[in-house]
$ cat protein13.csv   # CSV, C-alpha atoms
chain,number,residue,atom,x,y,z
K,1,MET,CA,0.7,-0.8,-34.5
K,2,LEU,CA,-1.7,0.0,-31.7
K,3,ALA,CA,-3.9,-2.6,-30.0
K,4,LEU,CA,-6.4,-2.6,-27.1
K,5,SER,CA,-6.6,-6.1,-25.6
K,6,ASP,CA,-7.6,-8.0,-22.4
K,7,TYR,CA,-4.5,-10.1,-23.0
K,8,SER,CA,-6.7,-13.1,-23.8
K,9,SER,CA,-9.2,-13.5,-26.6
K,10,ASN,CA,-10.6,-9.9,-27.1
K,11,SER,CA,-8.7,-7.2,-29.0
K,12,PHE,CA,-8.7,-4.7,-31.8
K,13,SER,CA,-5.8,-3.1,-33.5
K,14,GLY,CA,-4.7,-0.9,-36.3
K,15,TRP,CA,-1.4,0.5,-37.7
K,16,CYS,CA,0.1,3.7,-38.8
K,17,ASN,CA,3.2,4.3,-41.0
K,18,LEU,CA,5.1,7.0,-39.1
K,19,ALA,CA,7.7,7.4,-41.9
K,20,ALA,CA,5.1,8.1,-44.7
K,21,GLY,CA,2.3,9.6,-42.5
K,22,THR,CA,-0.2,7.0,-43.8
K,23,VAL,CA,-2.5,4.4,-42.2
K,24,GLY,CA,-2.9,0.7,-42.9
K,25,SER,CA,-5.6,-1.8,-42.0
K,26,THR,CA,-7.4,-2.7,-38.8
K,27,SER,CA,-8.1,-6.0,-37.2
K,28,SER,CA,-10.7,-7.2,-34.6
K,29,LEU,CA,-10.9,-10.3,-32.4
K,30,GLY,CA,-13.6,-11.6,-30.0
K,31,LEU,CA,-16.0,-9.1,-28.5
K,32,LEU,CA,-13.9,-6.0,-29.4
K,33,ALA,CA,-14.2,-4.3,-32.9
K,34,ALA,CA,-12.0,-1.8,-34.5
K,35,THR,CA,-13.8,1.2,-36.0
K,36,SER,CA,-11.1,3.3,-37.6
K,37,VAL,CA,-7.4,4.3,-37.5
K,38,ALA,CA,-6.2,7.7,-38.4
K,39,ILE,CA,-3.0,9.7,-38.5
K,40,SER,CA,-2.4,13.5,-38.5
K,41,SER,CA,0.9,15.5,-38.6
K,42,LEU,CA,1.9,17.7,-35.7
K,43,GLY,CA,4.9,19.1,-37.7
K,44,ASN,CA,8.6,18.5,-37.3
K,45,GLY,CA,8.3,14.7,-37.9
K,46,TRP,CA,5.7,14.2,-35.1
K,47,TYR,CA,2.4,12.4,-35.7
K,48,THR,CA,-0.8,11.5,-33.8
K,49,CYS,CA,-2.0,8.1,-34.5
K,50,THR,CA,-5.6,7.5,-33.3
K,51,LEU,CA,-7.3,4.1,-33.0
K,52,THR,CA,-11.0,3.8,-32.2
K,53,GLY,CA,-13.2,0.9,-31.7
K,54,THR,CA,-16.2,-0.5,-29.8
K,55,THR,CA,-16.4,-2.9,-26.9
K,56,GLY,CA,-19.8,-4.5,-27.4
K,57,SER,CA,-20.8,-6.5,-24.4
K,58,PHE,CA,-17.2,-6.9,-23.2
K,59,THR,CA,-16.6,-5.3,-19.7
K,60,GLY,CA,-13.1,-6.4,-18.8
K,61,GLN,CA,-11.5,-3.1,-19.6
K,62,PHE,CA,-13.4,-1.2,-16.9
K,63,GLY,CA,-10.8,-1.1,-14.2
K,64,GLY,CA,-9.6,-4.5,-15.2
K,65,GLN,CA,-6.8,-6.0,-17.1
K,66,TYR,CA,-6.2,-4.2,-20.3
K,67,PHE,CA,-3.2,-2.8,-22.1
K,68,PHE,CA,-2.1,-1.0,-25.2
K,69,ASP,CA,0.4,-2.8,-27.5
K,70,LEU,CA,3.0,-0.8,-29.4
K,71,ARG,CA,4.9,-2.9,-31.9
K,72,LEU,CA,6.5,-3.0,-35.4
K,73,PRO,CA,4.0,-5.0,-37.5
K,74,ASN,CA,4.2,-6.9,-40.7
K,75,ALA,CA,1.9,-5.8,-43.5
K,76,ASP,CA,-0.8,-8.2,-42.3
K,77,LEU,CA,-0.7,-6.8,-38.7
K,78,SER,CA,1.1,-9.9,-37.5
K,79,SER,CA,4.4,-9.6,-35.6
K,80,SER,CA,7.5,-11.7,-35.7
K,81,GLY,CA,7.8,-11.2,-31.9
K,82,THR,CA,11.5,-10.2,-32.2
K,83,SER,CA,12.9,-9.0,-28.9
K,84,GLY,CA,12.8,-5.3,-28.6
K,85,GLN,CA,10.0,-4.8,-31.1
K,86,VAL,CA,7.0,-4.9,-28.7
K,87,VAL,CA,6.1,-2.6,-25.8
K,88,ASP,CA,3.0,-3.4,-23.6
K,89,VAL,CA,1.6,-0.4,-21.8
K,90,TRP,CA,-0.6,-1.6,-19.0
K,91,HIS,CA,-3.7,0.5,-17.8
K,92,PRO,CA,-3.1,3.5,-20.1
K,93,GLN,CA,-5.3,6.5,-20.2
K,94,ILE,CA,-8.2,5.6,-22.5
K,95,PHE,CA,-11.2,7.7,-23.5
K,96,PHE,CA,-14.6,6.0,-23.4
K,97,GLY,CA,-17.1,7.8,-25.5
K,98,SER,CA,-17.6,9.3,-29.0
K,99,THR,CA,-14.6,11.7,-28.9
K,100,ALA,CA,-10.9,11.0,-29.2
K,101,TYR,CA,-9.3,14.0,-27.6
K,102,ALA,CA,-6.1,15.5,-29.2
K,103,TRP,CA,-2.8,14.9,-27.5
K,104,GLY,CA,-2.1,17.6,-25.0
K,105,SER,CA,-5.7,18.9,-25.0
K,106,THR,CA,-7.8,19.6,-21.9
K,107,VAL,CA,-10.4,16.9,-21.2
K,108,PRO,CA,-13.6,17.4,-19.3
K,109,ALA,CA,-13.1,17.3,-15.5
K,110,LYS,CA,-14.2,14.4,-13.5
K,111,LYS,CA,-17.5,14.2,-11.8
K,112,PHE,CA,-18.3,12.0,-8.9
K,113,THR,CA,-21.4,10.1,-7.9
K,114,TYR,CA,-22.2,9.1,-4.3
K,115,PHE,CA,-24.4,6.3,-3.2
K,116,GLY,CA,-25.2,6.1,0.5
K,117,PHE,CA,-28.1,5.8,2.9
K,118,GLU,CA,-30.0,8.2,5.1
K,119,GLY,CA,-32.0,6.1,7.5
K,120,ASP,CA,-34.8,8.7,7.3
K,121,PRO,CA,-38.4,7.8,8.2
K,122,THR,CA,-39.0,6.3,4.8
K,123,ASN,CA,-35.6,4.5,4.9
K,124,ARG,CA,-34.4,5.3,1.4
K,125,TYR,CA,-31.0,5.3,-0.2
K,126,ARG,CA,-29.2,8.5,-1.2
K,127,ALA,CA,-27.7,9.5,-4.5
K,128,ALA,CA,-25.7,12.7,-5.1
K,129,GLN,CA,-23.2,14.2,-7.5
K,130,SER,CA,-20.1,16.4,-7.2
K,131,ASP,CA,-17.7,18.2,-9.5
K,132,ASP,CA,-14.9,18.3,-7.0
K,133,GLY,CA,-15.6,15.5,-4.5
K,134,ILE,CA,-16.1,18.1,-1.7
K,135,THR,CA,-19.5,19.8,-2.4
K,136,TRP,CA,-22.3,17.3,-2.9
K,137,SER,CA,-25.9,17.7,-3.9
K,138,GLY,CA,-28.6,15.2,-4.8
K,139,TYR,CA,-31.7,13.6,-3.6
K,140,ASN,CA,-33.2,10.5,-2.0
K,141,GLY,CA,-33.6,7.5,-4.3
K,142,VAL,CA,-36.1,4.7,-4.0
K,143,TRP,CA,-35.3,1.1,-3.6
K,144,TYR,CA,-38.2,-1.4,-3.9
K,145,PRO,CA,-39.2,-2.4,-1.4
K,146,PRO,CA,-38.2,0.7,0.6
K,147,PHE,CA,-36.5,0.2,3.9
K,148,GLN,CA,-33.2,1.2,5.4
K,149,ARG,CA,-30.3,0.6,3.1
K,150,ASN,CA,-27.0,0.2,5.0
K,151,ALA,CA,-24.2,1.9,3.1
K,152,PRO,CA,-24.8,0.8,-0.5
K,153,GLN,CA,-21.6,0.0,-2.4
K,154,VAL,CA,-21.6,0.6,-6.2
K,155,PHE,CA,-20.1,-1.4,-9.0
K,156,VAL,CA,-20.6,-1.3,-12.8
K,157,HIS,CA,-21.3,-4.4,-14.9
K,158,ASN,CA,-22.4,-4.5,-18.6
K,159,LYS,CA,-23.0,-0.7,-18.6
K,160,THR,CA,-25.3,-0.9,-15.6
K,161,TYR,CA,-25.0,0.3,-12.0
K,162,TYR,CA,-25.4,-2.3,-9.4
K,163,LEU,CA,-25.6,-1.7,-5.6
K,164,HIS,CA,-24.6,-4.2,-3.0
K,165,ILE,CA,-25.9,-3.7,0.5
K,166,ALA,CA,-26.2,-5.4,3.9
K,167,ASN,CA,-29.8,-6.0,4.8
K,168,ALA,CA,-29.2,-4.6,8.3
K,169,SER,CA,-29.7,-1.4,10.2
K,170,ASP,CA,-28.2,0.3,13.2
K,171,GLY,CA,-31.1,-1.0,15.2
K,172,ASP,CA,-30.8,-4.6,13.9
K,173,LEU,CA,-27.2,-5.4,13.4
K,174,ASP,CA,-27.5,-9.2,13.8
K,175,ASN,CA,-28.4,-9.8,10.2
K,176,HIS,CA,-26.6,-11.9,7.5
K,177,LEU,CA,-28.6,-11.2,4.4
K,178,TRP,CA,-27.2,-9.4,1.3
K,179,GLU,CA,-29.1,-7.7,-1.5
K,180,ILE,CA,-27.9,-6.9,-5.0
K,181,GLY,CA,-29.9,-4.0,-6.5
K,182,GLN,CA,-30.0,-2.9,-10.2
K,183,VAL,CA,-30.3,0.8,-11.0
K,184,ALA,CA,-32.9,1.5,-13.6
K,185,SER,CA,-32.8,4.5,-16.0
K,186,ASP,CA,-35.3,6.4,-13.9
K,187,GLY,CA,-33.1,6.1,-10.8
K,188,THR,CA,-35.1,3.5,-9.0
K,189,VAL,CA,-33.4,0.4,-7.7
K,190,SER,CA,-34.9,-3.1,-7.7
K,191,THR,CA,-33.5,-6.1,-5.8
K,192,ILE,CA,-32.4,-8.8,-8.2
K,193,ALA,CA,-30.8,-11.1,-5.7
K,194,THR,CA,-30.9,-11.9,-1.9
K,195,ILE,CA,-28.1,-14.0,-0.4
K,196,ASP,CA,-28.1,-15.5,3.0
K,197,TRP,CA,-24.5,-15.9,4.2
K,198,ALA,CA,-25.6,-18.2,7.0
K,199,SER,CA,-25.6,-21.0,4.5
K,200,LYS,CA,-22.1,-20.2,3.4
K,201,ILE,CA,-20.3,-19.2,6.7
K,202,SER,CA,-20.6,-21.5,9.7
K,203,GLY,CA,-21.7,-19.7,12.8
K,204,VAL,CA,-22.1,-16.3,11.1
K,205,ASP,CA,-23.8,-13.6,13.2
K,206,SER,CA,-23.8,-10.5,11.0
K,207,CYS,CA,-22.5,-9.3,7.6
K,208,PHE,CA,-22.2,-5.7,6.6
K,209,SER,CA,-21.7,-4.0,3.2
K,210,GLY,CA,-18.3,-4.5,1.7
K,211,GLY,CA,-16.1,-2.9,-0.9
K,212,PRO,CA,-16.3,-4.0,-4.6
K,213,ILE,CA,-13.1,-4.4,-6.6
K,214,PHE,CA,-12.8,-5.3,-10.3
K,215,ASP,CA,-9.6,-7.3,-10.8
K,216,ALA,CA,-8.2,-9.3,-13.7
K,217,GLY,CA,-11.6,-9.4,-15.4
K,218,VAL,CA,-13.6,-10.5,-12.4
K,219,GLN,CA,-15.9,-8.6,-10.1
K,220,TYR,CA,-15.1,-9.2,-6.4
K,221,ILE,CA,-16.6,-7.9,-3.1
K,222,MET,CA,-14.6,-7.9,0.2
K,223,ILE,CA,-17.2,-8.3,2.9
K,224,PRO,CA,-17.0,-8.1,6.7
K,225,CYS,CA,-18.8,-10.9,8.5
K,226,SER,CA,-18.8,-11.6,12.2
K,227,ILE,CA,-18.8,-14.9,14.1
K,228,THR,CA,-20.7,-15.2,17.4
K,229,ASP,CA,-21.5,-11.4,17.7
K,230,TRP,CA,-21.2,-8.4,15.5
K,231,HIS,CA,-18.3,-6.9,17.3
K,232,HIS,CA,-15.8,-9.4,15.9
K,233,SER,CA,-15.8,-9.1,12.1
K,234,LEU,CA,-13.5,-10.9,9.7
K,235,ALA,CA,-12.8,-10.2,6.0
K,236,TYR,CA,-14.3,-12.5,3.4
K,237,LEU,CA,-13.8,-12.4,-0.4
K,238,THR,CA,-16.5,-13.4,-2.9
K,239,HIS,CA,-16.7,-13.0,-6.7
K,240,MET,CA,-19.4,-12.9,-9.3
K,241,VAL,CA,-19.9,-16.2,-11.0
K,242,GLY,CA,-20.3,-16.5,-14.8
K,243,GLY,CA,-20.8,-12.8,-15.3
K,244,ASP,CA,-24.2,-13.0,-13.5
K,245,PRO,CA,-24.7,-10.3,-10.9
K,246,THR,CA,-27.2,-12.6,-9.1
K,247,GLN,CA,-24.6,-15.3,-8.5
K,248,TRP,CA,-21.7,-15.1,-6.1
K,249,SER,CA,-19.1,-17.6,-5.0
K,250,ASP,CA,-18.8,-19.1,-1.5
K,251,PRO,CA,-16.8,-16.6,0.6
K,252,GLN,CA,-13.1,-17.1,1.2
K,253,LEU,CA,-11.6,-16.0,4.5
K,254,VAL,CA,-9.0,-13.3,4.0
K,255,THR,CA,-6.0,-13.2,6.4
K,256,THR,CA,-5.1,-9.8,8.0
K,257,ASP,CA,-3.2,-8.6,11.1
K,258,LEU,CA,-6.0,-6.2,11.8
K,259,THR,CA,-8.1,-6.5,15.0
K,260,THR,CA,-11.1,-8.7,14.8
K,261,GLY,CA,-13.3,-5.6,15.3
K,262,SER,CA,-12.5,-4.2,11.9
K,263,TYR,CA,-15.2,-3.7,9.2
K,264,ASP,CA,-16.0,-1.5,6.2
K,265,PHE,CA,-13.3,-3.2,4.1
K,266,LYS,CA,-12.6,-1.2,0.9
K,267,PRO,CA,-9.9,-2.7,-1.3
K,268,ARG,CA,-8.1,-1.0,-4.3
K,269,LYS,CA,-5.3,-2.1,-6.5
K,270,ILE,CA,-2.5,0.4,-7.0
K,271,GLY,CA,0.5,-0.8,-9.0
K,272,ALA,CA,1.5,-4.2,-7.9
K,273,TYR,CA,-0.2,-4.0,-4.5
K,274,TYR,CA,-3.7,-4.2,-3.0
K,275,TYR,CA,-4.6,-1.6,-0.4
K,276,MET,CA,-7.5,-2.0,1.9
K,277,TRP,CA,-9.1,0.6,4.1
K,278,SER,CA,-11.2,-0.5,7.1
K,279,SER,CA,-12.9,0.9,10.2
K,280,ARG,CA,-11.9,0.0,13.7
K,281,GLU,CA,-14.7,-0.9,16.1
K,282,GLY,CA,-14.5,0.0,19.8
K,283,GLY,CA,-13.6,3.1,21.7
K,284,ALA,CA,-13.7,6.2,19.6
K,285,GLY,CA,-13.2,4.2,16.5
K,286,GLY,CA,-10.7,5.0,13.8
K,287,LEU,CA,-9.4,4.1,10.3
K,288,ASP,CA,-6.8,1.5,9.3
K,289,LEU,CA,-5.0,0.9,6.0
K,290,SER,CA,-3.5,-2.5,5.2
K,291,LYS,CA,-1.5,-3.9,2.2
K,292,ALA,CA,-1.1,-7.2,0.4
K,293,SER,CA,0.6,-8.5,-2.8
K,294,SER,CA,-2.6,-10.5,-3.7
K,295,LEU,CA,-6.3,-9.7,-3.4
K,296,SER,CA,-6.8,-12.6,-1.1
K,297,GLY,CA,-4.1,-11.5,1.3
K,298,PRO,CA,-2.5,-11.8,3.7
K,299,TYR,CA,-2.8,-8.1,4.6
K,300,THR,CA,-0.4,-6.2,6.8
K,301,ALA,CA,-1.4,-3.0,8.5
K,302,VAL,CA,0.4,0.1,7.0
K,303,THR,CA,-1.7,2.9,8.5
K,304,PRO,CA,0.1,6.2,8.0
K,305,SER,CA,0.8,8.2,11.2
K,306,SER,CA,-1.1,11.1,9.7
K,307,ILE,CA,-4.3,9.0,9.6
K,308,ARG,CA,-3.7,7.8,13.2
K,309,ALA,CA,-3.3,11.5,14.2
K,310,PHE,CA,-6.8,12.3,13.1
K,311,PRO,CA,-8.8,13.7,16.1
K,312,SER,CA,-11.0,11.4,18.0
K,313,LEU,CA,-14.0,11.8,15.6
K,314,ASN,CA,-15.6,8.4,16.2
K,315,ILE,CA,-15.2,7.7,12.5
K,316,GLU,CA,-16.1,4.9,10.1
K,317,GLY,CA,-16.9,4.0,6.5
K,318,PRO,CA,-13.7,5.1,4.6
K,319,THR,CA,-14.1,5.6,0.8
K,320,MET,CA,-11.1,6.6,-1.3
K,321,PHE,CA,-11.3,7.8,-4.9
K,322,SER,CA,-8.8,9.3,-7.4
K,323,THR,CA,-8.7,13.1,-7.9
K,324,GLY,CA,-5.7,13.0,-10.3
K,325,PRO,CA,-2.9,10.8,-11.7
K,326,THR,CA,-1.2,10.5,-8.3
K,327,SER,CA,-3.7,12.0,-5.8
K,328,TRP,CA,-6.5,10.6,-3.7
K,329,ARG,CA,-9.4,11.8,-1.6
K,330,LEU,CA,-10.6,9.9,1.5
K,331,ILE,CA,-14.2,10.5,2.7
K,332,PHE,CA,-15.4,9.1,6.0
K,333,GLU,CA,-18.3,9.5,8.4
K,334,GLN,CA,-18.3,10.9,11.9
K,335,LEU,CA,-20.8,9.6,14.4
K,336,GLN,CA,-21.9,12.6,16.5
K,337,THR,CA,-23.8,12.7,19.8
K,338,ALA,CA,-25.5,15.9,18.8
K,339,LEU,CA,-27.9,16.4,15.9
K,340,PRO,CA,-27.7,15.8,13.0
K,341,GLY,CA,-25.9,12.7,14.4
K,342,HIS,CA,-23.8,12.1,11.3
K,343,LYS,CA,-21.2,14.1,9.3
K,344,LEU,CA,-18.9,13.4,6.4
K,345,TRP,CA,-15.3,14.6,6.3
K,346,TYR,CA,-12.5,14.3,3.8
K,347,SER,CA,-8.7,14.2,3.7
K,348,ASP,CA,-6.4,14.5,0.7
K,349,CYS,CA,-3.2,12.7,-0.3
K,350,ASN,CA,-0.8,13.8,-3.1
K,351,MET,CA,1.2,10.7,-3.6
K,352,LEU,CA,0.5,7.5,-5.6
K,353,TYR,CA,0.8,5.1,-2.7
K,354,PRO,CA,-1.6,5.9,0.2
K,355,ASP,CA,0.7,4.3,2.8
K,356,ALA,CA,3.4,6.8,1.9
K,357,CYS,CA,1.2,9.8,2.1
K,358,ILE,CA,1.0,12.6,4.7
K,359,TRP,CA,-2.8,12.9,4.7
K,360,THR,CA,-4.2,16.4,5.3
K,361,ALA,CA,-6.2,17.2,8.4
K,362,PRO,CA,-9.9,16.3,8.1
K,363,GLN,CA,-12.1,19.0,6.4
K,364,ALA,CA,-15.9,19.0,6.4
K,365,VAL,CA,-17.7,17.9,3.2
K,366,VAL,CA,-20.3,20.4,2.0
K,367,GLU,CA,-23.7,18.7,1.9
K,368,ASP,CA,-27.2,19.8,1.1
K,369,GLN,CA,-28.9,17.2,3.3
K,370,LEU,CA,-27.9,14.6,5.9
K,371,TYR,CA,-25.4,12.0,4.5
K,372,ARG,CA,-24.3,8.6,5.7
K,373,HIS,CA,-21.2,6.7,4.5
K,374,GLY,CA,-21.6,4.7,1.3
K,375,SER,CA,-19.4,4.6,-1.9
K,376,ILE,CA,-18.2,6.9,-4.6
K,377,ILE,CA,-17.5,6.3,-8.3
K,378,ALA,CA,-16.0,8.6,-10.8
K,379,THR,CA,-18.4,9.6,-13.6
K,380,PRO,CA,-16.7,12.0,-16.0
K,381,GLY,CA,-18.8,13.9,-18.5
K,382,TRP,CA,-17.6,11.8,-21.4
K,383,ALA,CA,-18.1,8.5,-19.5
K,384,MET,CA,-19.7,5.6,-21.3
K,385,PHE,CA,-22.0,5.2,-18.3
K,386,PRO,CA,-23.7,8.6,-17.6
K,387,MET,CA,-25.8,8.8,-14.6
K,388,PRO,CA,-29.5,7.8,-15.2
K,389,GLY,CA,-31.5,10.9,-15.8
K,390,ALA,CA,-33.3,10.9,-12.5
K,391,LEU,CA,-30.1,10.6,-10.6
K,392,ALA,CA,-28.5,13.5,-12.5
K,393,THR,CA,-31.2,15.9,-11.4
K,394,ASN,CA,-30.9,17.8,-8.1
K,395,ARG,CA,-34.3,17.5,-6.4

$ encode --input "protein13.csv" --output "C-alpha cells"
Amino acid sequence: MLALSDYSSNSFSGWCNLAAGTVGSTSSLGLLAATSVAISSLGNGWYTCTLTGTTGSFTGQFGGQYFFDLRLPNADLSSSGTSGQVVDVWHPQIFFGSTAYAWGSTVPAKKFTYFGFEGDPTNRYRAAQSDDGITWSGYNGVWYPPFQRNAPQVFVHNKTYYLHIANASDGDLDNHLWEIGQVASDGTVSTIATIDWASKISGVDSCFSGGPIFDAGVQYIMIPCSITDWHHSLAYLTHMVGGDPTQWSDPQLVTTDLTTGSYDFKPRKIGAYYYMWSSREGGAGGLDLSKASSLSGPYTAVTPSSIRAFPSLNIEGPTMFSTGPTSWRLIFEQLQTALPGHKLWYSDCNMLYPDACIWTAPQAVVEDQLYRHGSIIATPGWAMFPMPGALATNR
C-alpha cells in the first residue's frame, strides 16, 4: 500500500498486488483525495505502482511534514500494525502536477524565481527567473502603493505567492513596520497586512526583512529586530495564525551565539537540524552560518572556514537554494563604492550539510539589470504554482 499523509488527519492511499500485478481500491481522508492507483510491469518481476491524488486546499505538504507509507495492507486498506510491516519514508520526492513521471525518467529541470528590490527612482520590487540559478533576467514589478521595497522574502500559501518585507529603506533604517503583499496573476502586488512590531517588542528600534520557513505544517518567519539602534539586531520568530497570512503571532526571541550586529536571518531545515544564514554588521561585513536542533534555537555558529575565507566583499543578504539532491547555491549581495553600487555573487556546495561544505570561491551572477538581495524559490516547469503570466515574461 502507498499513502501520502501529513501524519495527522489528511491522507490518501491505494494498494497494488505485486504478486499478481493487479491493483485494489483507494481511500481518502480529510482534505486529500485519491484519484487513481495503477500498476505496470517492468519485466523480470519488477513493477511500478503509481498513486495519484489531489490536495484541495491543503498546503501542509509544501515543504512541510509529509511522508509516504509503505505497508502490507489488509483487503480493506487497514493494517494490523505488525512490527516490520510498515515503512515510513519522510519527505520523499513527489511530483506536483498532471504527470506522474516513470521511474528512472528525466524530469524537467528546475527553474528559479527571484524576488528582490531595486531602489530605483520609482522604488519598485524586482522579479526575475533563471534556469540555472546563475543567469537571471526579468523586470521591475509593481507593488501598490509603490515605494522602496527592502529585500522582499517569498513564501507560498494556498497556491499563492506572498511577499514579506520591511517597510524601511537604506535612507530610513529606523522603522519597525512590516508588510505582507499578495501577488496577483498579473504580477502586481497588493499590501494585505501592515504590522507594527513596536506594539509587540518593547523598545524596538528597527525590523528588517527576515527569512520564511515552513515547518511541521506552520509558516514561520525569522526576523531581525534591533533594540535602541539598528546596529544591534536580535533574531525573533513569528508564525502565521490560523492559516491567515494577515495574522502573525507575537514574536519569540531566539537565542544565538552570533554577534548582536547580525541580521538577514535565513533559516532552513536539513535532516534533523535547522541551519540559519545571517549577515554580520560592522567593518567589511561578512556571512555567518549557525545551527540548532529546534527552530527556536539556541543556535550555535558553525560557519565553514571556506565562507570566512571569502574576500572582503562587504557582503550581506545570503540566500541559499537547492540545485540537486545534495547540493546548494548561496547568493549574496556586495555593496560597492563604485557604480552600480550593488552586485550579486554566488558560491556552490556539493554536500548535504552546509556546515561540512568547502564552498567555492565567489563567482559573479549574470544579470540583465541592477539587482539587490532578496529571496529565491524553486519553480520547476511542472510545479503546481507556475509564475503568474506577467512575471514569466522578460520585459

$ closest_residue --input "protein13.csv" --among "K:Ile315, K:Val218, K:Met1, K:Ile270" --to "Gly243 in chain K" --atoms "all atoms listed in the file"
K:Val218

$ atom_distance --input "protein13.csv" --atom1 "CA of Ala19 in chain K" --atom2 "CA of Leu2 in chain K"
15.7 Å

$ atom_distance --input "protein13.csv" --atom1 "CA of Gly324 in chain K" --atom2 "CA of Leu163 in chain K"
25.2 Å

$ residues_around --input "protein13.csv" --residues "Thr160 in chain K" --least-positions-apart "5" --cutoff "9 Å" --atoms "all atoms listed in the file" --output "list in words"
Phe155, Gln182, Val183, Ala184 and Phe385 of chain K

$ closest_residue --input "protein13.csv" --among "K:Tyr220, K:Tyr236, K:Phe115, K:Phe332" --to "Ser279 in chain K" --atoms "only C-alpha atoms"
K:Phe332

$ closest_residue --input "protein13.csv" --among "K:Ala166, K:Leu258, K:Leu289, K:Val204" --to "Tyr353 in chain K" --atoms "only C-alpha atoms"
K:Leu289

$ atom_distance --input "protein13.csv" --atom1 "CA of Ser278 in chain K" --atom2 "CA of Pro362 in chain K"
16.9 Å

$ closest_residue --input "protein13.csv" --among "K:Thr113, K:Thr194, K:Ser262, K:Thr26" --to "Ser137 in chain K" --atoms "only C-alpha atoms"
K:Thr113

$ closest_residue --input "protein13.csv" --among "K:Lys111, K:Lys291, K:His164, K:His342" --to "Glu367 in chain K" --atoms "all atoms listed in the file"
K:His342

$ closest_residue --input "protein13.csv" --among "K:Arg126, K:Ile331, K:Val366, K:Thr259" --to "Gly138 in chain K" --atoms "all atoms listed in the file"
K:Arg126

$ residues_around --input "protein13.csv" --residues "Trp197 in chain K" --least-positions-apart "4" --cutoff "7 Å" --atoms "only C-alpha atoms" --output "list of chain:residue names"
K:His176, K:Leu177, K:Ile201

$ decode --input "protein13.csv" --residues "range 220-231 of chain K" --atoms "N, CA and C atoms" --output "PDB file, in the first residue's frame"
ATOM      1  N   TYR K 220       6.476  30.035   9.302  1.00  0.00           N
ATOM      2  CA  TYR K 220       7.207  30.894  10.226  1.00  0.00           C
ATOM      3  C   TYR K 220       7.994  31.940   9.440  1.00  0.00           C
ATOM      4  N   ILE K 221       8.383  33.010  10.125  1.00  0.00           N
ATOM      5  CA  ILE K 221       9.340  33.973   9.589  1.00  0.00           C
ATOM      6  C   ILE K 221      10.315  34.333  10.715  1.00  0.00           C
ATOM      7  N   MET K 222      11.606  34.206  10.433  1.00  0.00           N
ATOM      8  CA  MET K 222      12.656  34.601  11.372  1.00  0.00           C
ATOM      9  C   MET K 222      13.067  36.027  11.030  1.00  0.00           C
ATOM     10  N   ILE K 223      12.804  36.963  11.929  1.00  0.00           N
ATOM     11  CA  ILE K 223      13.038  38.370  11.612  1.00  0.00           C
ATOM     12  C   ILE K 223      14.125  38.967  12.499  1.00  0.00           C
ATOM     13  N   PRO K 224      14.928  39.886  11.942  1.00  0.00           N
ATOM     14  CA  PRO K 224      15.884  40.637  12.755  1.00  0.00           C
ATOM     15  C   PRO K 224      15.274  41.951  13.218  1.00  0.00           C
ATOM     16  N   CYS K 225      15.242  42.162  14.514  1.00  0.00           N
ATOM     17  CA  CYS K 225      14.772  43.421  15.082  1.00  0.00           C
ATOM     18  C   CYS K 225      15.813  43.934  16.069  1.00  0.00           C
ATOM     19  N   SER K 226      16.007  45.229  16.060  1.00  0.00           N
ATOM     20  CA  SER K 226      17.022  45.818  16.924  1.00  0.00           C
ATOM     21  C   SER K 226      16.379  46.612  18.051  1.00  0.00           C
ATOM     22  N   ILE K 227      17.084  46.645  19.158  1.00  0.00           N
ATOM     23  CA  ILE K 227      16.674  47.413  20.315  1.00  0.00           C
ATOM     24  C   ILE K 227      17.629  48.605  20.449  1.00  0.00           C
ATOM     25  N   THR K 228      17.115  49.771  20.708  1.00  0.00           N
ATOM     26  CA  THR K 228      17.879  51.004  20.930  1.00  0.00           C
ATOM     27  C   THR K 228      18.359  51.624  19.627  1.00  0.00           C
ATOM     28  N   ASP K 229      19.095  50.866  18.787  1.00  0.00           N
ATOM     29  CA  ASP K 229      19.532  51.386  17.491  1.00  0.00           C
ATOM     30  C   ASP K 229      19.663  50.226  16.525  1.00  0.00           C
ATOM     31  N   TRP K 230      19.696  50.539  15.225  1.00  0.00           N
ATOM     32  CA  TRP K 230      19.614  49.480  14.221  1.00  0.00           C
ATOM     33  C   TRP K 230      20.894  48.676  14.081  1.00  0.00           C
ATOM     34  N   HIS K 231      21.937  49.017  14.789  1.00  0.00           N
ATOM     35  CA  HIS K 231      23.190  48.275  14.701  1.00  0.00           C
ATOM     36  C   HIS K 231      23.184  47.000  15.549  1.00  0.00           C
TER      37      HIS K 231
END
